[in-house]
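**Q** Below you'll find work_34.pdb; it's PDB, C-alpha atoms.
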ATOM      1  CA  MET A 267      -6.375  -1.027  -0.875
ATOM      2  CA  PRO A 268      -3.190   0.368   0.731
ATOM      3  CA  ALA A 269      -0.905   2.418  -1.432
ATOM      4  CA  LYS A 270       2.135   0.652  -2.745
ATOM      5  CA  ARG A 271       5.361   1.919  -1.205
ATOM      6  CA  PRO A 272       7.869   3.314  -3.665
ATOM      7  CA  PRO A 273      10.980   1.201  -4.094
ATOM      8  CA  VAL A 274      14.034   2.083  -2.023
ATOM      9  CA  PRO A 275      16.508   3.850  -4.306
ATOM     10  CA  LEU A 276      19.524   1.829  -5.296
ATOM     11  CA  SER A 277      22.760   3.044  -3.756
ATOM     12  CA  ARG A 278      26.327   1.814  -3.392
ATOM     13  CA  GLU A 279      25.650   1.167   0.324
ATOM     14  CA  ARG A 280      22.577  -0.963  -0.409
ATOM     15  CA  ILE A 281      24.510  -2.921  -3.013
ATOM     16  CA  ILE A 282      27.371  -3.600  -0.591
ATOM     17  CA  ASP A 283      25.000  -4.592   2.231
ATOM     18  CA  ALA A 284      23.123  -7.018  -0.030
ATOM     19  CA  ALA A 285      26.371  -8.447  -1.404
ATOM     20  CA  LEU A 286      27.702  -8.987   2.124
ATOM     21  CA  HIS A 287      24.470 -10.756   3.060
ATOM     22  CA  ILE A 288      24.821 -13.122   0.098
ATOM     23  CA  ALA A 289      28.551 -13.734   0.613
ATOM     24  CA  ASP A 290      28.137 -14.367   4.343
ATOM     25  CA  GLY A 291      25.069 -16.555   3.897
ATOM     26  CA  GLN A 292      25.924 -18.499   0.747
ATOM     27  CA  GLY A 293      29.631 -17.914   0.146
ATOM     28  CA  LEU A 294      31.504 -15.678  -2.219
ATOM     29  CA  ARG A 295      31.235 -18.159  -5.102
ATOM     30  CA  ARG A 296      27.451 -17.776  -5.065
ATOM     31  CA  LEU A 297      27.635 -13.986  -5.319
ATOM     32  CA  THR A 298      26.704 -13.162  -8.890
ATOM     33  CA  MET A 299      25.474  -9.904 -10.328
ATOM     34  CA  ARG A 300      22.186 -11.614 -11.250
ATOM     35  CA  ARG A 301      21.698 -12.975  -7.704
ATOM     36  CA  LEU A 302      22.607  -9.564  -6.287
ATOM     37  CA  GLY A 303      20.106  -7.879  -8.612
ATOM     38  CA  ASP A 304      17.421 -10.320  -7.496
ATOM     39  CA  ALA A 305      18.192  -9.581  -3.832
ATOM     40  CA  LEU A 306      17.911  -5.840  -4.522
ATOM     41  CA  GLN A 307      14.828  -6.302  -6.725
ATOM     42  CA  VAL A 308      16.516  -4.614  -9.688
ATOM     43  CA  GLU A 309      17.913  -5.734 -12.990
ATOM     44  CA  ALA A 310      21.558  -6.725 -12.645
ATOM     45  CA  MET A 311      22.524  -4.004 -15.144
ATOM     46  CA  ALA A 312      21.263  -1.322 -12.723
ATOM     47  CA  ILE A 313      24.116  -2.207 -10.381
ATOM     48  CA  TYR A 314      26.648  -1.135 -13.007
ATOM     49  CA  HIS A 315      25.475   2.468 -12.645
ATOM     50  CA  HIS A 316      26.935   2.460  -9.106
ATOM     51  CA  LEU A 317      29.828   0.088  -9.839
ATOM     52  CA  PRO A 318      30.849   0.708 -13.471
ATOM     53  CA  ARG A 319      33.597  -1.941 -13.414
ATOM     54  CA  GLY A 320      31.010  -4.523 -12.432
ATOM     55  CA  LYS A 321      31.957  -7.535 -10.351
ATOM     56  CA  GLU A 322      35.606  -6.480  -9.988
ATOM     57  CA  ALA A 323      34.489  -3.148  -8.528
ATOM     58  CA  LEU A 324      32.080  -4.995  -6.244
ATOM     59  CA  MET A 325      34.873  -7.242  -4.957
ATOM     60  CA  ASP A 326      37.078  -4.185  -4.327
ATOM     61  CA  ALA A 327      34.211  -2.450  -2.508
ATOM     62  CA  LEU A 328      33.560  -5.479  -0.292
ATOM     63  CA  ALA A 329      37.239  -5.778   0.654
ATOM     64  CA  GLU A 330      37.378  -2.062   1.390
ATOM     65  CA  HIS A 331      34.207  -2.245   3.477
ATOM     66  CA  VAL A 332      35.428  -4.982   5.830
ATOM     67  CA  THR A 333      38.910  -3.515   6.244
ATOM     68  CA  THR A 334      37.800   0.050   6.917
ATOM     69  CA  ILE A 335      37.599   0.387  10.679
ATOM     70  CA  HIS A 336      37.469   3.355  13.012
ATOM     71  CA  VAL A 337      39.104   3.342  16.420
ATOM     72  CA  GLU A 338      39.414   6.058  18.991
ATOM     73  CA  PRO A 339      42.758   5.446  20.696
ATOM     74  CA  PRO A 340      42.059   4.363  24.282
ATOM     75  CA  GLY A 341      45.032   6.269  25.674
ATOM     76  CA  GLN A 342      48.655   7.118  25.116
ATOM     77  CA  ASP A 343      50.133   3.630  25.637
ATOM     78  CA  TRP A 344      51.097   2.275  22.206
ATOM     79  CA  GLN A 345      50.258  -1.280  23.266
ATOM     80  CA  GLU A 346      46.683  -0.336  24.154
ATOM     81  CA  VAL A 347      46.365   1.582  20.870
ATOM     82  CA  ALA A 348      47.647  -1.467  18.964
ATOM     83  CA  ARG A 349      45.274  -3.765  20.876
ATOM     84  CA  ALA A 350      42.280  -1.570  20.062
ATOM     85  CA  TRP A 351      43.081  -1.581  16.335
ATOM     86  CA  ALA A 352      43.753  -5.335  16.222
ATOM     87  CA  ARG A 353      40.545  -6.163  18.100
ATOM     88  CA  ALA A 354      38.455  -3.882  15.869
ATOM     89  CA  GLY A 355      39.942  -5.404  12.727
ATOM     90  CA  ARG A 356      39.291  -8.930  13.960
ATOM     91  CA  ALA A 357      35.702  -8.105  14.853
ATOM     92  CA  ALA A 358      35.034  -6.601  11.414
ATOM     93  CA  LEU A 359      36.458  -9.624   9.611
ATOM     94  CA  LEU A 360      34.603 -12.144  11.770
ATOM     95  CA  GLU A 361      31.373 -10.248  11.190
ATOM     96  CA  HIS A 362      31.723 -10.903   7.436
ATOM     97  CA  PRO A 363      33.645 -14.160   6.968
ATOM     98  CA  GLY A 364      32.228 -14.539   3.474
ATOM     99  CA  VAL A 365      34.594 -11.882   2.177
ATOM    100  CA  LEU A 366      37.664 -12.792   4.233
ATOM    101  CA  SER A 367      39.449 -14.060   1.122
ATOM    102  CA  LEU A 368      38.966 -10.658  -0.509
ATOM    103  CA  ALA A 369      40.295  -8.837   2.532
ATOM    104  CA  LEU A 370      43.361 -11.098   2.438
ATOM    105  CA  THR A 371      44.103 -10.681  -1.269
ATOM    106  CA  LYS A 372      42.882  -7.274  -2.427
ATOM    107  CA  PRO A 373      45.308  -4.393  -1.939
ATOM    108  CA  PRO A 374      43.963  -1.701   0.405
ATOM    109  CA  LYS A 375      42.249   1.152  -1.429
ATOM    110  CA  GLY A 376      40.269   4.236  -0.524
ATOM    111  CA  MET A 377      39.049   4.257   3.063
ATOM    112  CA  ALA A 378      40.910   1.026   3.858
ATOM    113  CA  LEU A 379      44.159   2.785   2.985
ATOM    114  CA  ALA A 380      43.103   5.715   5.180
ATOM    115  CA  THR A 381      42.490   3.230   8.010
ATOM    116  CA  ILE A 382      46.068   1.998   7.729
ATOM    117  CA  ALA A 383      47.369   5.576   7.716
ATOM    118  CA  ASN A 384      45.330   6.284  10.868
ATOM    119  CA  GLN A 385      46.766   3.212  12.571
ATOM    120  CA  VAL A 386      50.306   4.324  11.751
ATOM    121  CA  GLU A 387      49.633   7.854  12.974
ATOM    122  CA  HIS A 388      48.034   6.699  16.233
ATOM    123  CA  LEU A 389      50.975   4.414  16.981
ATOM    124  CA  ARG A 390      53.447   7.179  16.084
ATOM    125  CA  GLU A 391      51.670   9.591  18.448
ATOM    126  CA  ALA A 392      51.806   6.927  21.179
ATOM    127  CA  GLY A 393      55.602   6.772  20.811
ATOM    128  CA  LEU A 394      56.213   3.541  18.881
ATOM    129  CA  PRO A 395      59.554   3.844  17.010
ATOM    130  CA  ASP A 396      58.509   1.997  13.785
ATOM    131  CA  PRO A 397      54.740   2.422  13.522
ATOM    132  CA  ALA A 398      54.486   1.436   9.836
ATOM    133  CA  GLY A 399      56.342  -1.821  10.483
ATOM    134  CA  ALA A 400      54.208  -2.456  13.540
ATOM    135  CA  VAL A 401      51.002  -2.001  11.524
ATOM    136  CA  ARG A 402      52.230  -4.478   8.900
ATOM    137  CA  THR A 403      53.010  -6.981  11.660
ATOM    138  CA  LEU A 404      49.692  -6.434  13.438
ATOM    139  CA  ARG A 405      47.719  -6.755  10.198
ATOM    140  CA  ALA A 406      49.548  -9.978   9.287
ATOM    141  CA  TYR A 407      48.774 -11.415  12.716
ATOM    142  CA  MET A 408      45.145 -10.273  12.690
ATOM    143  CA  PHE A 409      44.425 -11.629   9.186
ATOM    144  CA  GLY A 410      46.153 -14.933   9.932
ATOM    145  CA  SER A 411      44.424 -15.345  13.265
ATOM    146  CA  VAL A 412      40.995 -14.718  11.750
ATOM    147  CA  ALA A 413      41.684 -17.099   8.849
ATOM    148  CA  VAL A 414      42.625 -19.873  11.287
ATOM    149  CA  GLU A 415      39.559 -19.191  13.448
ATOM    150  CA  VAL A 416      37.218 -19.283  10.431
ATOM    151  CA  GLN A 417      38.875 -22.497   9.286
ATOM    152  CA  ARG A 418      38.581 -24.090  12.746
ATOM    153  CA  SER A 419      34.930 -23.083  13.034
ATOM    154  CA  GLY A 420      34.017 -25.075   9.936
ATOM    155  CA  TRP A 421      32.086 -22.065   8.628
ATOM    156  CA  ALA A 422      33.422 -22.389   5.072
ATOM    157  CA  ASP A 423      32.594 -26.100   4.765
ATOM    158  CA  PRO A 424      29.638 -26.287   2.361
ATOM    159  CA  ASP A 425      28.260 -29.331   4.196
ATOM    160  CA  ALA A 426      28.496 -27.787   7.669
ATOM    161  CA  THR A 427      25.594 -26.248   9.535
ATOM    162  CA  VAL A 428      27.758 -23.659  11.290
ATOM    163  CA  GLU A 429      26.199 -20.217  11.600
ATOM    164  CA  HIS A 430      29.118 -18.239  13.034
ATOM    165  CA  ALA A 431      32.776 -18.167  12.086
ATOM    166  CA  ARG A 432      33.919 -18.158  15.704
ATOM    167  CA  VAL A 433      35.267 -20.839  17.982
ATOM    168  CA  ASP A 434      34.864 -20.964  21.757
ATOM    169  CA  SER A 435      38.549 -20.347  22.394
ATOM    170  CA  GLY A 436      38.836 -17.694  19.684
ATOM    171  CA  ASP A 437      39.005 -14.653  21.964
ATOM    172  CA  ASP A 438      41.554 -16.260  24.296
ATOM    173  CA  ASP A 439      43.636 -17.560  21.389
ATOM    174  CA  PHE A 440      43.629 -14.133  19.745
ATOM    175  CA  GLU A 441      44.604 -12.293  22.929
ATOM    176  CA  ARG A 442      47.405 -14.761  23.709
ATOM    177  CA  GLY A 443      48.845 -14.326  20.220
ATOM    178  CA  LEU A 444      48.388 -10.561  20.374
ATOM    179  CA  ASP A 445      50.335 -10.473  23.656
ATOM    180  CA  ALA A 446      53.206 -12.303  21.936
ATOM    181  CA  VAL A 447      53.143  -9.963  18.916
ATOM    182  CA  LEU A 448      53.159  -6.875  21.124
ATOM    183  CA  ALA A 449      56.011  -8.289  23.222
ATOM    184  CA  GLY A 450      57.977  -8.854  20.024
ATOM    185  CA  LEU A 451      57.286  -5.321  18.816
ATOM    186  CA  ALA A 452      58.402  -3.944  22.189
ATOM    187  CA  ARG A 453      61.684  -5.896  22.009
ATOM    188  CA  ALA A 454      62.286  -4.821  18.408
ATOM    189  CA  GLY A 455      61.679  -1.177  19.368
ATOM    190  CA  GLY A 456      63.894  -1.378  22.430
ATOM    191  CA  MET A 457      60.973  -0.606  24.723
TER     192      MET A 457
END
Kindly return the structure encoded in the file as structure tokens.

**A**
Amino acid sequence: MPAKRPPVPLSRERIIDAALHIADGQGLRRLTMRRLGDALQVEAMAIYHHLPRGKEALMDALAEHVTTIHVEPPGQDWQEVARAWARAGRAALLEHPGVLSLALTKPPKGMALATIANQVEHLREAGLPDPAGAVRTLRAYMFGSVAVEVQRSGWADPDATVEHARVDSGDDDFERGLDAVLAGLARAGGM
């Protein structure tokens, strides 16, 4: 008889991955600590060791996870830097549409706040006059664009059989809107 493998230790990363799987597959409303414990093959109370504030801490961690992105600036042109950040943010949100509402409503914390600071710094280094304002504008556009795409896809409809939160014209729609936002930022900055 083969030896039984020891259980994989519980960690914050495993908890977040399992929670994302549930939220993306069944919706955020179905994400309970009991269901999460079942998915991790632990008692729900074991999760509190890693997230002492319980479900509220889990929601914060999920929002932070999907809004923490890393981008290597593609060059010195501020518009290309802004494009890279906006595209990366969109991709991260579309990868986990089940927690989009959290990303939209939870204030940035921890690494998500560091992501915003990195965006501002990259745009400042690329010569944009008001990088903090530009990041606010880009984030507003990116979040709104993703919300509309998820809505159009039908992904959130409980009766739908949609697997992905994307629409065929999503990339083109996003790029067209991003062009308009960047043109507006250029005019506002006198560039």

**Q** Tell me, as a ChimeraX atom specification, which residues lie within 10 Å of stretch 278-289 of chain A, counting only C-alpha atoms; anything in the same chain fewer than 3 positions away does not count.

**A** /A:274-275,292-299,301-306,313,315-317,324-325,327-328,331-332,361-366

**Q** If the PyMOL selection byres ((chain A and resi 394) around 10) is run on the structure shown, which residues does it catch, given as a list in words?

**A**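 Expected selection for the PyMOL selection byres ((chain A and resi 394) around 10) here is Asp343, Trp344, Gln345, Ala348, Val386, Glu387, His388, Leu389, Arg390, Glu391, Ala392, Gly393, Pro395, Asp396, Pro397, Ala398, Gly399, Ala400, Leu451, Ala452, Gly455, Gly456 and Met457 of chain A.
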
**Q** Write out as an mmCIF file with C-alpha atoms, keeping the file's coordinate frame the residues lying within 8 Å of A:Val433, counting all atoms listed in the file and excluding same-chain residues fewer than 3 positions away.

**A**
data_model
loop_
_atom_site.group_PDB
_atom_site.id
_atom_site.type_symbol
_atom_site.label_atom_id
_atom_site.label_comp_id
_atom_site.auth_asym_id
_atom_site.auth_seq_id
_atom_site.Cartn_x
_atom_site.Cartn_y
_atom_site.Cartn_z
ATOM 1 C CA GLU A 415 39.559 -19.191 13.448
ATOM 2 C CA VAL A 416 37.218 -19.283 10.431
ATOM 3 C CA ARG A 418 38.581 -24.090 12.746
ATOM 4 C CA SER A 419 34.930 -23.083 13.034
ATOM 5 C CA GLY A 436 38.836 -17.694 19.684
#

**Q** Could you tell me which residues the PyMOL selection byres ((chain A and resi 339) around 9) grabs in this file, written as a list of chain:residue names?

**A**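 This file, filtered by the PyMOL selection byres ((chain A and resi 339) around 9), leaves A:Val337, A:Glu338, A:Pro340, A:Gly341, A:Gln342, A:Glu346, A:Val347, A:Ala348, A:Ala350, A:Trp351, A:His388.
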
**Q** How about saving the chosen residues, C-alpha atoms kept, as a short mmCIF file (atom, residue, chain, number, x, y, z; two decimals), in the coordinates of the input?

**A**
data_model
loop_
_atom_site.label_atom_id
_atom_site.label_comp_id
_atom_site.auth_asym_id
_atom_site.auth_seq_id
_atom_site.Cartn_x
_atom_site.Cartn_y
_atom_site.Cartn_z
CA VAL A 337 39.10 3.34 16.42
CA GLU A 338 39.41 6.06 18.99
CA PRO A 340 42.06 4.36 24.28
CA GLY A 341 45.03 6.27 25.67
CA GLN A 342 48.66 7.12 25.12
CA GLU A 346 46.68 -0.34 24.15
CA VAL A 347 46.36 1.58 20.87
CA ALA A 348 47.65 -1.47 18.96
CA ALA A 350 42.28 -1.57 20.06
CA TRP A 351 43.08 -1.58 16.34
CA HIS A 388 48.03 6.70 16.23
#

**Q** Interatomic distance between atom CA of A:His430 and atom CA of A:Leu368?

**A**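 Here the two named atoms are 18.4 Å from each other.
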
**Q** Give me the box for stretch 430-435 of chain A as JSON, namely the centre and edge lengths in Å to one decimal of a box along x, y and z that holds every listed atom plus 4 Å on each side.

**A**
{"center_x": 33.8, "center_y": -19.6, "center_z": 17.2, "size_x": 17.4, "size_y": 10.8, "size_z": 18.3}

**Q** What residues come out when you apply the PyMOL selection byres ((chain A and resi 376) around 12) to this file, written as a PyMOL selection string?

**A** chain A and resi 326-331+333-334+372-375+377-383

**Q** Please indicate the distance in Å from atom CA of A:Glu429 to atom CA of A:Lys321, rounded to one decimal place.

**A**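 Value for the atom CA of A:Glu429-atom CA of A:Lys321 distance: 26.0 Å.
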
**Q** Give me, please, the distance in Å between atom CA of A:Ala354 and atom CA of A:Ile335, quoted to one decimal.

**A**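 Rounded to one decimal, the two atoms are 6.8 Å apart.
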
**Q** From the set A:Val412, A:Leu404, A:Ala323, A:Ala310, which residue has the shortest atom-to-atom contact distance to A:Leu359, counting all atoms listed in the file?

**A** A:Val412

**Q** Give as an mmCIF file with C-alpha atoms, in the coordinates of the input every residue, naming chains and numbers as the document does, that has an atom within 10 Å of (44.1, -12.7, 21.3), counting only C-alpha atoms.

**A**
data_model
loop_
_atom_site.group_PDB
_atom_site.id
_atom_site.type_symbol
_atom_site.label_atom_id
_atom_site.label_comp_id
_atom_site.auth_asym_id
_atom_site.auth_seq_id
_atom_site.Cartn_x
_atom_site.Cartn_y
_atom_site.Cartn_z
ATOM 1 C CA ARG A 349 45.274 -3.765 20.876
ATOM 2 C CA ALA A 352 43.753 -5.335 16.222
ATOM 3 C CA ARG A 353 40.545 -6.163 18.100
ATOM 4 C CA ARG A 356 39.291 -8.930 13.960
ATOM 5 C CA TYR A 407 48.774 -11.415 12.716
ATOM 6 C CA MET A 408 45.145 -10.273 12.690
ATOM 7 C CA SER A 411 44.424 -15.345 13.265
ATOM 8 C CA SER A 435 38.549 -20.347 22.394
ATOM 9 C CA GLY A 436 38.836 -17.694 19.684
ATOM 10 C CA ASP A 437 39.005 -14.653 21.964
ATOM 11 C CA ASP A 438 41.554 -16.260 24.296
ATOM 12 C CA ASP A 439 43.636 -17.560 21.389
ATOM 13 C CA PHE A 440 43.629 -14.133 19.745
ATOM 14 C CA GLU A 441 44.604 -12.293 22.929
ATOM 15 C CA ARG A 442 47.405 -14.761 23.709
ATOM 16 C CA GLY A 443 48.845 -14.326 20.220
ATOM 17 C CA LEU A 444 48.388 -10.561 20.374
ATOM 18 C CA ASP A 445 50.335 -10.473 23.656
ATOM 19 C CA ALA A 446 53.206 -12.303 21.936
ATOM 20 C CA VAL A 447 53.143 -9.963 18.916
#

**Q** Which is closest to A:Arg300 among A:Gly320, A:Asp434, A:Arg405, A:Trp421, if we use only C-alpha atoms?

**A**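 The answer is A:Gly320, which sits nearest to A:Arg300.
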